[in-house]
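work.pdb, holding PDB, C-alpha atoms and all ligand atoms:
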MODEL        1
ATOM      1  CA  MET A   1       0.000   0.000   0.000
ATOM      2  CA  GLU A   2       1.188   3.483  -0.803
ATOM      3  CA  VAL A   3       0.293   6.248   1.648
ATOM      4  CA  VAL A   4       0.477   9.783   0.259
ATOM      5  CA  ILE A   5       0.102  12.658   2.702
ATOM      6  CA  LYS A   6      -0.845  16.002   1.159
ATOM      7  CA  ARG A   7      -0.939  19.297   2.984
ATOM      8  CA  ASP A   8      -4.653  19.977   2.479
ATOM      9  CA  TYR A   9      -7.906  18.872   0.882
ATOM     10  CA  ASP A  10      -7.154  20.648  -2.376
ATOM     11  CA  GLN A  11      -3.788  18.926  -2.836
ATOM     12  CA  MET A  12      -5.325  15.570  -1.846
ATOM     13  CA  SER A  13      -8.020  16.027  -4.496
ATOM     14  CA  LYS A  14      -5.516  17.015  -7.201
ATOM     15  CA  ALA A  15      -3.268  14.025  -6.476
ATOM     16  CA  ALA A  16      -6.230  11.645  -6.681
ATOM     17  CA  ALA A  17      -7.444  13.250  -9.930
ATOM     18  CA  GLN A  18      -3.966  12.865 -11.414
ATOM     19  CA  LEU A  19      -4.066   9.177 -10.627
ATOM     20  CA  VAL A  20      -7.376   8.844 -12.511
ATOM     21  CA  VAL A  21      -5.928  10.773 -15.463
ATOM     22  CA  ASP A  22      -2.818   8.552 -15.478
ATOM     23  CA  VAL A  23      -5.043   5.455 -15.707
ATOM     24  CA  LEU A  24      -7.071   6.985 -18.571
ATOM     25  CA  ASN A  25      -3.913   8.015 -20.423
ATOM     26  CA  THR A  26      -2.755   4.403 -20.413
ATOM     27  CA  LYS A  27      -6.214   2.942 -20.996
ATOM     28  CA  PRO A  28      -8.737   5.366 -22.542
ATOM     29  CA  ASN A  29     -11.558   2.804 -22.249
ATOM     30  CA  ALA A  30     -10.898   2.133 -18.565
ATOM     31  CA  VAL A  31     -13.640   1.060 -16.194
ATOM     32  CA  LEU A  32     -13.790   3.432 -13.225
ATOM     33  CA  GLY A  33     -15.379   2.686  -9.871
ATOM     34  CA  MET A  34     -16.976   5.845  -8.497
ATOM     35  CA  ALA A  35     -17.621   6.923  -4.908
ATOM     36  CA  THR A  36     -19.943   9.539  -3.436
ATOM     37  CA  GLY A  37     -19.795  11.561  -0.218
ATOM     38  CA  SER A  38     -18.245  14.934   0.478
ATOM     39  CA  THR A  39     -14.641  13.746   0.237
ATOM     40  CA  PRO A  40     -14.446  12.957  -3.511
ATOM     41  CA  LEU A  41     -16.139  16.254  -4.482
ATOM     42  CA  GLY A  42     -12.792  18.005  -4.970
ATOM     43  CA  LEU A  43     -11.499  15.090  -7.011
ATOM     44  CA  TYR A  44     -14.536  15.312  -9.330
ATOM     45  CA  GLN A  45     -14.175  19.091  -9.599
ATOM     46  CA  GLU A  46     -10.563  18.672 -10.625
ATOM     47  CA  LEU A  47     -11.449  16.005 -13.208
ATOM     48  CA  VAL A  48     -14.112  18.313 -14.659
ATOM     49  CA  ARG A  49     -11.540  21.115 -14.820
ATOM     50  CA  LEU A  50      -9.026  18.872 -16.568
ATOM     51  CA  TYR A  51     -11.727  17.681 -18.992
ATOM     52  CA  LYS A  52     -12.771  21.242 -19.854
ATOM     53  CA  ALA A  53      -9.114  22.141 -20.373
ATOM     54  CA  GLY A  54      -8.795  19.242 -22.824
ATOM     55  CA  HIS A  55      -6.412  17.192 -20.681
ATOM     56  CA  VAL A  56      -8.623  14.138 -20.311
ATOM     57  CA  ASP A  57     -11.321  12.433 -22.363
ATOM     58  CA  PHE A  58     -14.058  10.225 -20.920
ATOM     59  CA  SER A  59     -15.780   9.235 -24.187
ATOM     60  CA  ARG A  60     -14.755   5.570 -23.896
ATOM     61  CA  VAL A  61     -14.967   5.277 -20.109
ATOM     62  CA  THR A  62     -17.416   3.033 -18.272
ATOM     63  CA  THR A  63     -18.314   3.672 -14.631
ATOM     64  CA  PHE A  64     -19.740   1.693 -11.753
ATOM     65  CA  ASN A  65     -20.801   3.419  -8.555
ATOM     66  CA  LEU A  66     -20.209   1.773  -5.220
ATOM     67  CA  ASP A  67     -23.612   2.181  -3.648
ATOM     68  CA  GLU A  68     -27.046   3.760  -3.462
ATOM     69  CA  TYR A  69     -29.650   4.320  -0.760
ATOM     70  CA  VAL A  70     -32.606   1.956  -0.851
ATOM     71  CA  GLY A  71     -35.893   3.729  -1.464
ATOM     72  CA  LEU A  72     -34.536   6.910  -3.047
ATOM     73  CA  PRO A  73     -35.475   7.409  -6.699
ATOM     74  CA  ALA A  74     -32.784   8.668  -9.083
ATOM     75  CA  ASN A  75     -34.200  12.216  -9.020
ATOM     76  CA  HIS A  76     -34.131  12.484  -5.209
ATOM     77  CA  PRO A  77     -31.601  15.204  -4.273
ATOM     78  CA  GLN A  78     -29.934  12.914  -1.698
ATOM     79  CA  SER A  79     -29.722   9.907  -4.012
ATOM     80  CA  TYR A  80     -26.301   8.991  -5.333
ATOM     81  CA  HIS A  81     -27.716   9.033  -8.883
ATOM     82  CA  TYR A  82     -28.490  12.708  -8.348
ATOM     83  CA  PHE A  83     -25.137  13.393  -6.668
ATOM     84  CA  MET A  84     -23.164  11.878  -9.537
ATOM     85  CA  ARG A  85     -25.151  13.718 -12.206
ATOM     86  CA  GLU A  86     -24.844  17.048 -10.402
ATOM     87  CA  HIS A  87     -21.189  16.835  -9.500
ATOM     88  CA  PHE A  88     -19.663  14.861 -12.314
ATOM     89  CA  PHE A  89     -21.592  13.152 -15.102
ATOM     90  CA  GLN A  90     -23.370  16.209 -16.492
ATOM     91  CA  HIS A  91     -20.023  18.004 -16.825
ATOM     92  CA  VAL A  92     -18.031  15.353 -18.717
ATOM     93  CA  ASN A  93     -18.504  13.191 -21.825
ATOM     94  CA  ILE A  94     -19.123   9.709 -20.426
ATOM     95  CA  PRO A  95     -21.813   8.112 -22.640
ATOM     96  CA  GLN A  96     -25.004   7.715 -20.611
ATOM     97  CA  HIS A  97     -25.217   4.006 -21.423
ATOM     98  CA  ASN A  98     -21.760   3.461 -19.910
ATOM     99  CA  ILE A  99     -22.861   4.772 -16.493
ATOM    100  CA  ASN A 100     -23.874   2.148 -13.924
ATOM    101  CA  ILE A 101     -25.220   2.981 -10.468
ATOM    102  CA  PRO A 102     -26.996   0.522  -8.180
ATOM    103  CA  SER A 103     -30.756   0.940  -8.285
ATOM    104  CA  GLY A 104     -32.370   2.162  -5.084
ATOM    105  CA  THR A 105     -35.828   1.320  -6.362
ATOM    106  CA  THR A 106     -35.635  -2.123  -7.941
ATOM    107  CA  SER A 107     -38.431  -4.520  -7.049
ATOM    108  CA  ASN A 108     -35.980  -7.415  -6.757
ATOM    109  CA  TYR A 109     -32.773  -6.549  -4.885
ATOM    110  CA  PRO A 110     -31.091  -9.974  -4.925
ATOM    111  CA  ALA A 111     -31.593 -10.244  -8.721
ATOM    112  CA  PHE A 112     -30.360  -6.686  -9.229
ATOM    113  CA  CYS A 113     -27.235  -7.271  -7.094
ATOM    114  CA  GLN A 114     -26.409 -10.386  -9.078
ATOM    115  CA  TRP A 115     -26.942  -8.509 -12.340
ATOM    116  CA  TYR A 116     -24.671  -5.656 -11.152
ATOM    117  CA  GLU A 117     -21.860  -8.079 -10.342
ATOM    118  CA  GLY A 118     -22.315  -9.743 -13.746
ATOM    119  CA  ARG A 119     -22.283  -6.388 -15.536
ATOM    120  CA  ILE A 120     -18.962  -5.433 -13.891
ATOM    121  CA  ALA A 121     -17.481  -8.727 -15.069
ATOM    122  CA  GLU A 122     -18.900  -8.299 -18.596
ATOM    123  CA  CYS A 123     -17.211  -4.904 -18.835
ATOM    124  CA  GLY A 124     -13.867  -6.503 -17.988
ATOM    125  CA  GLY A 125     -13.725  -5.622 -14.282
ATOM    126  CA  ILE A 126     -12.937  -2.309 -12.622
ATOM    127  CA  ASP A 127      -9.553  -0.791 -13.478
ATOM    128  CA  LEU A 128      -9.519   1.879 -10.785
ATOM    129  CA  GLN A 129     -11.872   2.046  -7.826
ATOM    130  CA  ILE A 130     -12.197   5.380  -6.014
ATOM    131  CA  LEU A 131     -13.021   5.012  -2.313
ATOM    132  CA  GLY A 132     -13.845   7.222   0.642
ATOM    133  CA  ILE A 133     -13.874   5.988   4.226
ATOM    134  CA  GLY A 134     -16.574   6.309   6.854
ATOM    135  CA  SER A 135     -15.736   7.427  10.372
ATOM    136  CA  ASP A 136     -16.645   3.854  11.393
ATOM    137  CA  GLY A 137     -14.035   2.555   8.947
ATOM    138  CA  HIS A 138     -16.439   1.457   6.227
ATOM    139  CA  ILE A 139     -15.705   1.385   2.505
ATOM    140  CA  ALA A 140     -18.802   1.828   0.346
ATOM    141  CA  PHE A 141     -21.603   0.839   2.772
ATOM    142  CA  ASN A 142     -19.732  -2.169   4.119
ATOM    143  CA  GLU A 143     -20.389  -1.482   7.749
ATOM    144  CA  PRO A 144     -18.443  -3.063  10.639
ATOM    145  CA  GLY A 145     -18.915  -6.817  10.594
ATOM    146  CA  SER A 146     -19.302  -7.069   6.810
ATOM    147  CA  SER A 147     -17.603 -10.123   5.373
ATOM    148  CA  LEU A 148     -14.324  -9.296   3.698
ATOM    149  CA  SER A 149     -15.486 -11.587   0.858
ATOM    150  CA  SER A 150     -18.880  -9.912   0.483
ATOM    151  CA  ARG A 151     -20.371  -9.085  -2.913
ATOM    152  CA  THR A 152     -22.984  -6.549  -3.992
ATOM    153  CA  ARG A 153     -25.977  -6.828  -1.646
ATOM    154  CA  LEU A 154     -28.343  -4.998   0.686
ATOM    155  CA  LYS A 155     -26.841  -3.658   3.909
ATOM    156  CA  THR A 156     -28.336  -2.009   6.964
ATOM    157  CA  LEU A 157     -26.493   1.221   7.764
ATOM    158  CA  SER A 158     -24.787   1.536  11.138
ATOM    159  CA  LYS A 159     -25.971   4.099  13.675
ATOM    160  CA  GLN A 160     -22.689   5.966  13.166
ATOM    161  CA  THR A 161     -23.239   6.211   9.390
ATOM    162  CA  ILE A 162     -26.844   7.347   9.840
ATOM    163  CA  ASP A 163     -25.602  10.035  12.265
ATOM    164  CA  ASP A 164     -22.800  11.074   9.894
ATOM    165  CA  ASN A 165     -25.105  11.287   6.874
ATOM    166  CA  ALA A 166     -27.956  13.034   8.683
ATOM    167  CA  ARG A 167     -26.277  16.347   7.772
ATOM    168  CA  PHE A 168     -27.437  15.876   4.178
ATOM    169  CA  PHE A 169     -31.087  15.305   5.101
ATOM    170  CA  GLU A 170     -33.683  17.601   6.677
ATOM    171  CA  ARG A 171     -34.263  15.197   9.544
ATOM    172  CA  ARG A 172     -32.266  12.251  10.922
ATOM    173  CA  GLU A 173     -35.376  10.078  10.469
ATOM    174  CA  SER A 174     -35.219  10.712   6.720
ATOM    175  CA  VAL A 175     -31.837   8.987   6.329
ATOM    176  CA  PRO A 176     -32.523   5.628   4.644
ATOM    177  CA  VAL A 177     -31.726   2.644   6.845
ATOM    178  CA  TYR A 178     -30.785   0.339   3.970
ATOM    179  CA  ALA A 179     -28.381   0.653   1.080
ATOM    180  CA  ILE A 180     -27.350  -1.472  -1.843
ATOM    181  CA  THR A 181     -23.579  -1.674  -1.923
ATOM    182  CA  MET A 182     -20.711  -3.388  -3.659
ATOM    183  CA  GLY A 183     -19.143  -5.862  -1.248
ATOM    184  CA  VAL A 184     -15.614  -5.773   0.116
ATOM    185  CA  GLY A 185     -14.806  -8.698  -2.192
ATOM    186  CA  THR A 186     -16.186  -6.764  -5.180
ATOM    187  CA  ILE A 187     -13.966  -3.804  -4.293
ATOM    188  CA  LEU A 188     -10.868  -5.960  -3.796
ATOM    189  CA  ASP A 189     -11.356  -7.353  -7.321
ATOM    190  CA  ALA A 190     -10.640  -3.923  -8.831
ATOM    191  CA  ARG A 191      -7.174  -3.759 -10.381
ATOM    192  CA  ARG A 192      -6.274  -0.622  -8.518
ATOM    193  CA  LEU A 193      -7.697   1.220  -5.497
ATOM    194  CA  VAL A 194      -7.397   4.847  -4.474
ATOM    195  CA  LEU A 195      -8.835   5.847  -1.108
ATOM    196  CA  VAL A 196      -9.178   9.519  -0.198
ATOM    197  CA  ALA A 197      -9.729  10.928   3.281
ATOM    198  CA  SER A 198      -9.638  14.418   4.704
ATOM    199  CA  GLY A 199     -10.076  16.039   8.102
ATOM    200  CA  LYS A 200      -9.617  15.030  11.708
ATOM    201  CA  THR A 201     -12.885  13.084  11.873
ATOM    202  CA  LYS A 202     -11.208  10.493   9.623
ATOM    203  CA  ALA A 203      -7.879  10.229  11.504
ATOM    204  CA  LYS A 204      -8.903   7.265  13.642
ATOM    205  CA  ALA A 205     -10.492   5.332  10.773
ATOM    206  CA  ILE A 206      -7.414   5.912   8.581
ATOM    207  CA  ALA A 207      -5.042   4.771  11.343
ATOM    208  CA  HIS A 208      -7.076   1.596  11.819
ATOM    209  CA  ALA A 209      -7.437   0.942   8.093
ATOM    210  CA  VAL A 210      -3.781   1.516   7.215
ATOM    211  CA  GLU A 211      -1.938   0.309  10.316
ATOM    212  CA  GLY A 212      -4.434  -1.751  12.281
ATOM    213  CA  PRO A 213      -5.120  -5.436  11.876
ATOM    214  CA  VAL A 214      -7.165  -6.560   8.873
ATOM    215  CA  THR A 215     -10.605  -6.977  10.357
ATOM    216  CA  SER A 216     -14.214  -6.979   9.248
ATOM    217  CA  MET A 217     -14.788  -4.470  12.072
ATOM    218  CA  VAL A 218     -12.945  -1.888   9.928
ATOM    219  CA  THR A 219     -13.758  -2.934   6.391
ATOM    220  CA  ALA A 220     -11.346  -0.364   4.925
ATOM    221  CA  SER A 221      -8.516  -2.413   6.483
ATOM    222  CA  ALA A 222      -9.198  -4.969   3.724
ATOM    223  CA  ILE A 223      -7.298  -2.721   1.323
ATOM    224  CA  GLN A 224      -4.137  -4.032   3.040
ATOM    225  CA  LEU A 225      -4.876  -7.247   1.130
ATOM    226  CA  HIS A 226      -4.838  -5.439  -2.204
ATOM    227  CA  ARG A 227      -1.656  -5.419  -4.256
ATOM    228  CA  ASP A 228      -2.133  -1.923  -5.731
ATOM    229  CA  ALA A 229      -3.786   0.404  -3.260
ATOM    230  CA  THR A 230      -3.004   4.098  -2.771
ATOM    231  CA  VAL A 231      -4.291   6.029   0.230
ATOM    232  CA  ILE A 232      -4.240   9.802  -0.259
ATOM    233  CA  VAL A 233      -4.918  11.838   2.871
ATOM    234  CA  ASP A 234      -4.497  15.377   4.103
ATOM    235  CA  GLY A 235      -2.475  16.224   7.205
ATOM    236  CA  GLU A 236      -5.448  16.046   9.568
ATOM    237  CA  ALA A 237      -6.590  12.630   8.364
ATOM    238  CA  ALA A 238      -2.960  11.425   8.674
ATOM    239  CA  ALA A 239      -2.728  12.541  12.320
ATOM    240  CA  GLY A 240      -3.115   9.048  13.803
ATOM    241  CA  LEU A 241      -0.551   7.296  11.583
ATOM    242  CA  THR A 242       2.435   6.111  13.600
ATOM    243  CA  MET A 243       4.565   5.577  10.461
ATOM    244  CA  ARG A 244       3.812   9.007   9.020
ATOM    245  CA  GLU A 245       7.453  10.078   8.659
ATOM    246  CA  TYR A 246       8.255   6.862   6.840
ATOM    247  CA  TYR A 247       5.413   7.354   4.318
ATOM    248  CA  GLU A 248       6.624  10.918   3.722
ATOM    249  CA  PHE A 249      10.186   9.708   3.277
ATOM    250  CA  ILE A 250       9.117   7.064   0.736
ATOM    251  CA  TYR A 251       7.018   9.561  -1.220
ATOM    252  CA  ALA A 252       9.786  12.172  -1.286
ATOM    253  CA  ALA A 253      12.243   9.562  -2.537
ATOM    254  CA  LYS A 254       9.918   8.272  -5.250
ATOM    255  CA  PRO A 255      11.573   9.033  -8.613
ATOM    256  CA  ALA A 256       8.503  10.225 -10.500
ATOM    257  CA  ALA A 257       6.582  11.634  -7.545
ATOM    258  CA  PRO A 258       4.592  14.737  -8.422
ATOM    259  CA  ARG A 259       5.692  17.516  -6.035
ATOM    260  CA  ALA A 260       2.612  19.479  -5.123
TER     261      ALA A 260
HETATM  262  P1  LIG B 301     -17.743  11.453   3.369
HETATM  263  O1  LIG B 301     -18.221   9.940   3.355
HETATM  264  O2  LIG B 301     -16.790  11.607   2.231
HETATM  265  O3  LIG B 301     -19.002  12.257   3.172
HETATM  266  O4  LIG B 301     -17.101  11.693   4.679
HETATM  267  C1  LIG B 301     -17.288   8.934   3.166
HETATM  268  C2  LIG B 301     -17.914   7.572   3.321
HETATM  269  O5  LIG B 301     -18.836   7.417   4.139
HETATM  270  O6  LIG B 301     -17.465   6.646   2.646
ENDMDL
END
Output the file's structure in the form of structure tokens.
Amino acid sequence: MEVVIKRDYDQMSKAAAQLVVDVLNTKPNAVLGMATGSTPLGLYQELVRLYKAGHVDFSRVTTFNLDEYVGLPANHPQSYHYFMREHFFQHVNIPQHNINIPSGTTSNYPAFCQWYEGRIAECGGIDLQILGIGSDGHIAFNEPGSSLSSRTRLKTLSKQTIDDNARFFERRESVPVYAITMGVGTILDARRLVLVASGKTKAKAIAHAVEGPVTSMVTASAIQLHRDATVIVDGEAAAGLTMREYYEFIYAAKPAAPRA
């Protein structure tokens, strides 16, 4: 695992965007795994900026989102369909038929989850999966206790996640209790992972995920099992890392490291 510590949110976002661009420069028809939440917003803004400046082209890209709330239609302002359209898809040239997001309104969740897994495989698998991390250590909606081999399925959100996400809804009671989410096993199948985290509320989760034992109680720790994972954090999110100086030393000594 590579741990990259940037001085602030902006630099974290730019470094993550550069990684996406590097993948697309080598493979213009790459399959990207997309994440929602407040953390990747800066990354999407930077990708939109690079697209508008002509530095990246998405015309052959396929995307798969990690998760969606159960019960929210695609036009609901808090749905992840809406989030992705608002913050990314409407600003770039990914063909609509190449965009895949779990359905929050299917009448048959098990069948849909199976179809979603099959669709990822049909498209050749995910080349780069973007990830955030929950303050309870989740990746996607794989809450503590999720099997590290899990596949796309329905999950009940943890109390911590409902509390964290209540800020986006008018009332806490409006936060959906269920989500459809890629599993930890689905995520680990991606060829490359990039996890972004910012701010002191993520410091504990990042320390556990990067340096703690691999455990289903912190599903982000499963990225330690991945052979090509990059964790990009800002200084505050890095605050709990005991090996911080070592990660900074490695990054500074990296021959082609971008110096931001
Ligand atoms: P956040 O969510 O970026 O809004 O903090 C991250 C997550 O829950 O995965």
| task | Can you turn the PyMOL selection byres (((chain A and resi 30) around 10) and not hetatm) into a concrete residue list for this file, as an MDAnalysis selection string? | result | chainID A and resid 20 23:29 31:33 58 60:63 123:128
- prompt: So how many Å separate atom CA of A:Arg153 and atom CA of A:Gly199, to one decimal?
  reply: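 Pair atom CA of A:Arg153 / atom CA of A:Gly199 returns 29.5 Å.
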*For each of A:Ala74, A:Ile139, A:Val4, A:Met12, take the minimum atom-to-atom distance to ligand LIG 301 (chain B), counting only C-alpha atoms and all ligand atoms, then give the residue where this is smallest.*
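Using only C-alpha atoms and all ligand atoms, ligand LIG 301 (chain B) sits closest to A:Ile139.
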#### Entry: Resolved residues for the PyMOL selection byres (((not hetatm)) within 8 of (chain B and resi 301)) as a VMD selection string
chain A and resid 35 to 40 131 to 135 138 to 141 161 164 to 165 197 to 198 202
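Reported to one decimal place, the separation of atom CA of A:Asn98 from atom CA of A:Leu66 is 14.9 Å.
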For a quick check of understanding, using all atoms listed in the file, which of A:Met34, A:Leu225, A:Val70, A:Ala53 has the smallest distance to A:Ile99?
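For A:Ile99, the nearest of the given residues is A:Met34.
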Choose the residue, out of A:Arg49, A:Arg85, A:Ser174, A:Arg151, that has the smallest atom-to-atom separation from A:Pro110; count only C-alpha atoms.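 Among the listed residues, A:Arg151 lies closest to A:Pro110.
The interatomic distance for the pair atom CA of A:Ile180 and atom CA of A:Glu2 works out to 29.0 Å.
The environment of A:Leu72 within 10 Å, counting all atoms listed in the file and disregarding residues fewer than 6 places along the same chain, consists of Gln78, Ser79, Tyr80, His81, Tyr82, Ser103, Gly104, Thr105, Val175, Pro176 and Ala179 of chain A.
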Decode the PyMOL selection byres (((chain A and resi 237) around 8) and not hetatm) for the given file into explicit residues and return them as a ChimeraX atom specification. /A:197-204,206,233-236,238-240
With distances taken over all atoms listed in the file, the candidate from A:Ala207, A:Ala190, A:Ile94, A:Ala222 nearest A:Leu148 is A:Ala222
| task | Rank A:Met182, A:Leu241, A:Met84, A:Val92 by their smallest atom-to-atom distance to A:Ala209, using all atoms listed in the file, and report the top residue only. | result |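 Of the candidates, the smallest distance to A:Ala209 is held by A:Leu241.
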Between A:Ile101, A:Val177, A:Val218, A:Leu193, which has the minimum distance to A:Gly145 (counting all atoms listed in the file)?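 Using all atoms listed in the file, A:Gly145 sits closest to A:Val218.
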**OP:** Write out as a ChimeraX atom specification each polymer residue whose atoms come within 7 Å of A:Tyr44, counting all atoms listed in the file; drop sequence neighbours fewer than 4 positions from it.
**Re:** /A:40,48,87-88
Self-check item: Residue neighbourhood A:Leu43, 6 Å, only C-alpha atoms, exclusion window fewer than 2 positions, as a count of residues only
Solution: 6
